[in-house]
Every structure is written in structure tokens, then in C-alpha cells.
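Here is the structure we will look at, set down as C-alpha cells.
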Amino acid sequence: MSALFISDLHLSANQPDKVDAFKKLLNGPAKNFDELYLLGDLFEEFWVGNDDTTPPNPEILQSLASLAITQVKVFIVRGNRELLLDESFNVLTGVTVLPDMSVITINGEKALIMHGDQLCTLDWKYQLFRKIMINKFLQALIKVLPYDVRIQLAHGLRPGMTRHKNLKTDEIMDVAPETVEQMMKKFNVSLLIHGHTHKPGVHDLNIDNKFTKRIVLGDWYRKGEILISREDKLELKGINEFLHDAC
Ligand SMILES: [Mn+2]
């Protein structure tokens, strides 16, 4: 079984080259894999619902739908930009929405996949914001608001959060090691794959004398390190390099 993992694409109309790279990936090399996992923050702007036609959303959804009708299985876990995304996204795109923390099997090994925002527990202000945002009653309320109001709320909220983020220290923005250990124990896995922190890399960890690994995907603002699982091997590779090699 082969799989591709991508995260933190932050696609927006301001960066047409990234949108092109995404379309090239989905129309080309992604078709040679059994599974594609989107680990959140696909969009730069907050997702406000299935009627969200903010450019370049329509072309992104179209590319996803075209891939999802092939033999490739496409999955998404929500990032902090997609907390309003729900199972109905499947009807729109054919993409399966997975729980925020999901255990999958890679090369016979159990792996926990998630966006990664829930690992940054030192950032208690964000964790509080997330808790409020995923509240079912609040979500139901937001979803019945007119489209224009939802767009204004979302697009007004995001620049403020980005400014706020820039004021936070590196430590707060990264994962809390204790939370990583807790999660891996809770789900009983020796492999964790996530994005969100924009600190791509492979970390070997020793948890209770068990050899474990944490793989962090990169963001598409920069090199866009994606994870390729093929022939029992796991490899992080920049998106442009991957597209170049695949063509
Ligand atoms: Mn994120």
C-alpha cells in the first residue's frame, strides 16, 4: 500500500503557484498512490461551509473531486482553518472526513495522524478558542448565519489571529513534548504524523523504552515537505522536488 500525506498548504488566490502545484499533484503523481491524506490547513482563509466559493476554493474542490472518483482514496483531517468543515464535505468532494485524531495502518504499523494543533497545549488561548469553535451548538448557530456574515466573520478573524500568532514565542507555537507522549500512549502507536507547527522533520523518541517516531510535515509557504509512504519506506520531500522527479 502506498500513501501520500500533505499538510498546511494554505492555498489562496494570492499564491497561484501553490494552487498550480496542488492541481499538478492531484492530476498527476497522486494518481499513482492508493491513498492521499490531507492533514489540515488546506485553505488559507477559514472555511465557512460547503457554499464557500472564495477563490481558489472552487478549483481546489474540483481537483479533489476528480481525484476522489479514481481508485485513489482521499481523506482529510481538519486543521485550525477548517474547524467548520464536517462530514457533508464528502458529498461535495468525495473526500472522507476523518476524526481529528485517527489511527491508520502504514506498512503494517499503526500510526496516529492529526493536524497537530491539539499538540500545542502550551498555547492555552488557542486551545480555548478551539474548544469554543468546535462546540456543536455554536457550530449549528454559525452554520445558519447568512453566507456574507460567515465570510465577514471568518475573513475578519484570520488576520487578527495571524498577528497574534506572530507575538507568540517559538516554544508556545511548537508541540508540548508531554502531550506528544500522552497521545502516543493513549492511542498505543509508535508513529505520529502531523503538520501545523511549520517545523518539518523526523524526531526519534523513546517512550517507556519503546522506539517511536514523530514525523512533521512542512508548510507550502516554504518548501512544502510532503510524506511519501511507498514500498515500506517513509520519505519527506519538498513538493516542487517531488513534482519535478515525478514528471
Ligand atoms: Mn495549522
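Residues are referred to by chain and number: the chain letter is A, B, ... according to the order shown in the C-alpha cells, the number counts from 1 in that chain, and ligands are numbered separately from 1 in the order shown.
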Within 10 Å of ligand 1: each chain A residue with its shortest pair, only C-alpha atoms and all ligand atoms, as a Markdown table:
| residue | atom | partner | partner_atom_place_in_ligand_line | distance |
| --- | --- | --- | --- | --- |
| A:Ser7 | CA | ligand 1 | 1 (Mn) | 8.5 |
| A:Asp8 | CA | ligand 1 | 1 (Mn) | 6.3 |
| A:Leu9 | CA | ligand 1 | 1 (Mn) | 9.5 |
| A:His10 | CA | ligand 1 | 1 (Mn) | 8.8 |
| A:Leu39 | CA | ligand 1 | 1 (Mn) | 9.2 |
| A:Gly40 | CA | ligand 1 | 1 (Mn) | 6.8 |
| A:Asp41 | CA | ligand 1 | 1 (Mn) | 5.5 |
| A:Leu42 | CA | ligand 1 | 1 (Mn) | 9.1 |
| A:Phe43 | CA | ligand 1 | 1 (Mn) | 9.9 |
| A:Glu44 | CA | ligand 1 | 1 (Mn) | 9.6 |
| A:Arg78 | CA | ligand 1 | 1 (Mn) | 9.1 |
| A:Gly79 | CA | ligand 1 | 1 (Mn) | 5.4 |
| A:Asn80 | CA | ligand 1 | 1 (Mn) | 5.1 |
| A:Arg81 | CA | ligand 1 | 1 (Mn) | 6.7 |
| A:Glu82 | CA | ligand 1 | 1 (Mn) | 9.2 |
| A:His115 | CA | ligand 1 | 1 (Mn) | 6.7 |
| A:Gly116 | CA | ligand 1 | 1 (Mn) | 7.1 |
| A:Asp117 | CA | ligand 1 | 1 (Mn) | 6.0 |
| A:Gln118 | CA | ligand 1 | 1 (Mn) | 9.7 |
| A:His194 | CA | ligand 1 | 1 (Mn) | 9.8 |
| A:Gly195 | CA | ligand 1 | 1 (Mn) | 7.1 |
| A:His196 | CA | ligand 1 | 1 (Mn) | 3.8 |
| A:Thr197 | CA | ligand 1 | 1 (Mn) | 6.8 |
| A:His198 | CA | ligand 1 | 1 (Mn) | 8.2 |
| A:Asp219 | CA | ligand 1 | 1 (Mn) | 9.1 |
Atoms to include: N, CA, C and O atoms. Write the selected residues as a compact mmCIF listing (two decimals), in the first residue's frame.
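Dumped everything to out_25.txt:
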# COMPACT_ATOMS: atom_id res chain seq x y z
N SER A 7 0.08 18.62 4.13
CA SER A 7 -0.49 19.44 5.20
C SER A 7 -0.12 20.90 5.02
O SER A 7 0.83 21.21 4.30
N ASP A 8 -0.87 21.79 5.65
CA ASP A 8 -0.52 23.21 5.70
C ASP A 8 -0.24 23.80 4.32
O ASP A 8 0.78 24.46 4.11
N LEU A 9 -1.15 23.54 3.40
CA LEU A 9 -0.99 24.09 2.05
C LEU A 9 -1.31 25.59 2.05
O LEU A 9 -0.72 26.34 1.29
N HIS A 10 -2.28 25.97 2.88
CA HIS A 10 -2.68 27.38 3.00
C HIS A 10 -2.95 27.99 1.63
O HIS A 10 -2.46 29.09 1.31
N LEU A 39 -3.73 16.60 5.84
CA LEU A 39 -3.71 16.75 7.30
C LEU A 39 -3.99 18.19 7.74
O LEU A 39 -3.39 18.71 8.67
N GLY A 40 -4.91 18.83 7.05
CA GLY A 40 -5.42 20.12 7.52
C GLY A 40 -4.73 21.36 7.00
O GLY A 40 -3.67 21.32 6.41
N ASP A 41 -5.41 22.49 7.21
CA ASP A 41 -5.00 23.80 6.69
C ASP A 41 -4.75 23.76 5.18
O ASP A 41 -3.72 24.23 4.68
N LEU A 42 -5.73 23.20 4.52
CA LEU A 42 -5.72 23.16 3.06
C LEU A 42 -5.90 24.58 2.53
O LEU A 42 -5.29 24.98 1.54
N PHE A 43 -6.75 25.33 3.23
CA PHE A 43 -7.06 26.70 2.79
C PHE A 43 -6.39 27.73 3.69
O PHE A 43 -6.18 27.50 4.88
N GLU A 44 -6.09 28.88 3.11
CA GLU A 44 -5.53 29.98 3.90
C GLU A 44 -6.63 30.66 4.72
O GLU A 44 -6.46 30.96 5.90
N ARG A 78 -9.28 17.73 9.89
CA ARG A 78 -9.44 19.19 9.91
C ARG A 78 -8.26 19.89 10.55
O ARG A 78 -7.72 19.46 11.56
N GLY A 79 -7.86 20.99 9.91
CA GLY A 79 -6.86 21.86 10.52
C GLY A 79 -7.57 22.98 11.25
O GLY A 79 -8.80 23.03 11.27
N ASN A 80 -6.81 23.90 11.81
CA ASN A 80 -7.44 25.00 12.53
C ASN A 80 -8.13 26.00 11.58
O ASN A 80 -8.86 26.87 12.02
N ARG A 81 -7.90 25.85 10.27
CA ARG A 81 -8.61 26.71 9.32
C ARG A 81 -9.94 26.07 8.90
O ARG A 81 -10.69 26.65 8.14
N GLU A 82 -10.14 24.82 9.31
CA GLU A 82 -11.31 24.08 8.81
C GLU A 82 -12.17 23.52 9.93
O GLU A 82 -12.77 22.47 9.78
N HIS A 115 -3.85 17.00 12.63
CA HIS A 115 -3.29 18.24 12.11
C HIS A 115 -2.10 18.68 12.95
O HIS A 115 -1.05 19.07 12.40
N GLY A 116 -2.24 18.61 14.26
CA GLY A 116 -1.12 18.94 15.15
C GLY A 116 -1.41 20.08 16.09
O GLY A 116 -0.70 20.29 17.08
N ASP A 117 -2.49 20.84 15.81
CA ASP A 117 -2.82 21.96 16.70
C ASP A 117 -3.13 21.49 18.12
O ASP A 117 -2.84 22.19 19.09
N GLN A 118 -3.68 20.28 18.24
CA GLN A 118 -4.03 19.78 19.57
C GLN A 118 -2.81 19.34 20.39
O GLN A 118 -2.94 18.98 21.55
N HIS A 194 2.03 14.54 11.78
CA HIS A 194 1.22 15.76 11.87
C HIS A 194 1.90 16.91 11.15
O HIS A 194 3.04 16.80 10.67
N GLY A 195 1.19 18.03 11.07
CA GLY A 195 1.74 19.25 10.49
C GLY A 195 1.56 20.38 11.48
O GLY A 195 1.87 20.22 12.66
N HIS A 196 1.06 21.50 11.02
CA HIS A 196 0.66 22.66 11.81
C HIS A 196 1.80 23.52 12.34
O HIS A 196 1.72 24.74 12.32
N THR A 197 2.87 22.91 12.86
CA THR A 197 3.91 23.71 13.52
C THR A 197 4.85 24.40 12.53
O THR A 197 5.61 25.27 12.92
N HIS A 198 4.78 23.99 11.27
CA HIS A 198 5.67 24.53 10.24
C HIS A 198 7.14 24.26 10.59
O HIS A 198 8.01 25.05 10.28
N ASP A 219 5.08 23.24 5.63
CA ASP A 219 4.04 24.11 5.06
C ASP A 219 4.42 24.54 3.66
O ASP A 219 5.59 24.62 3.32
Name the residues of stretch 141-198 of chain A that come out as strand (DSSP E or B) in a backbone DSSP run; write them as a PyMOL selection string. chain A and resi 191-194
So that I can check the surroundings of stretch 204-217 of chain A, please list as a ChimeraX atom specification every protein, DNA and RNA residue that reaches within 7 Å of it, counting only C-alpha atoms and ignoring chain neighbours fewer than 3 positions away. /A:6-7,181,190-195,199-201,225-227
Same residues, C-alpha atoms, saved as a PDB file, in the first residue's frame:
ATOM      1  CA  ILE A   6       0.224  16.658   2.748  1.00  0.00           C
ATOM      2  CA  SER A   7      -0.490  19.435   5.204  1.00  0.00           C
ATOM      3  CA  GLU A 181       3.920  11.293  24.764  1.00  0.00           C
ATOM      4  CA  SER A 190       4.837   4.095  17.642  1.00  0.00           C
ATOM      5  CA  LEU A 191       4.381   6.563  14.789  1.00  0.00           C
ATOM      6  CA  LEU A 192       2.810  10.018  14.842  1.00  0.00           C
ATOM      7  CA  ILE A 193       2.338  12.140  11.712  1.00  0.00           C
ATOM      8  CA  HIS A 194       1.219  15.761  11.867  1.00  0.00           C
ATOM      9  CA  GLY A 195       1.742  19.254  10.490  1.00  0.00           C
ATOM     10  CA  LYS A 199       8.739  22.745  11.612  1.00  0.00           C
ATOM     11  CA  PRO A 200       9.184  19.797   9.241  1.00  0.00           C
ATOM     12  CA  GLY A 201      11.355  16.939  10.390  1.00  0.00           C
ATOM     13  CA  GLU A 225       7.638  18.878   2.758  1.00  0.00           C
ATOM     14  CA  ILE A 226       5.203  16.069   1.999  1.00  0.00           C
ATOM     15  CA  LEU A 227       5.431  12.491   3.285  1.00  0.00           C
TER      16      LEU A 227
END
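Minimum distance to A:Ala68 across A:Val103, A:Ala13, A:Leu119, A:Val95 (counting only C-alpha atoms) occurs at A:Val95.
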Could you give me, as a VMD selection string, the residues within 9 Å of A:Thr54, counting only C-alpha atoms and dropping anything in the same chain fewer than 3 positions from it? chain A and resid 12 to 13 45 57 to 58 151
How would the residues just picked look written out with N, CA and C atoms as a compact mmCIF listing (two decimals), in the first residue's frame?
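Writing the result to part.txt gives the following:
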# COMPACT_ATOMS: atom_id res chain seq x y z
N SER A 12 -4.34 29.95 -1.39
CA SER A 12 -5.09 31.19 -1.53
C SER A 12 -4.87 31.75 -2.92
N ALA A 13 -5.77 32.68 -3.30
CA ALA A 13 -5.67 33.30 -4.62
C ALA A 13 -4.39 34.14 -4.74
N GLU A 45 -7.78 30.90 4.07
CA GLU A 45 -8.89 31.54 4.78
C GLU A 45 -9.70 30.48 5.53
N ASN A 57 -11.16 28.33 -3.88
CA ASN A 57 -11.85 27.11 -3.41
C ASN A 57 -12.48 26.27 -4.53
N PRO A 58 -13.22 26.89 -5.49
CA PRO A 58 -13.86 26.04 -6.49
C PRO A 58 -12.88 25.13 -7.25
N ILE A 151 -18.68 34.82 5.99
CA ILE A 151 -17.44 35.21 5.29
C ILE A 151 -16.78 36.39 6.02
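Atom CA of A:Asp123 lies 17.2 Å from atom CA of A:Leu83.
Counting only C-alpha atoms and comparing A:Asp51, A:Asp174, A:Asp34, A:Glu241, the residue that lies closest to A:Lys143 is A:Asp51.
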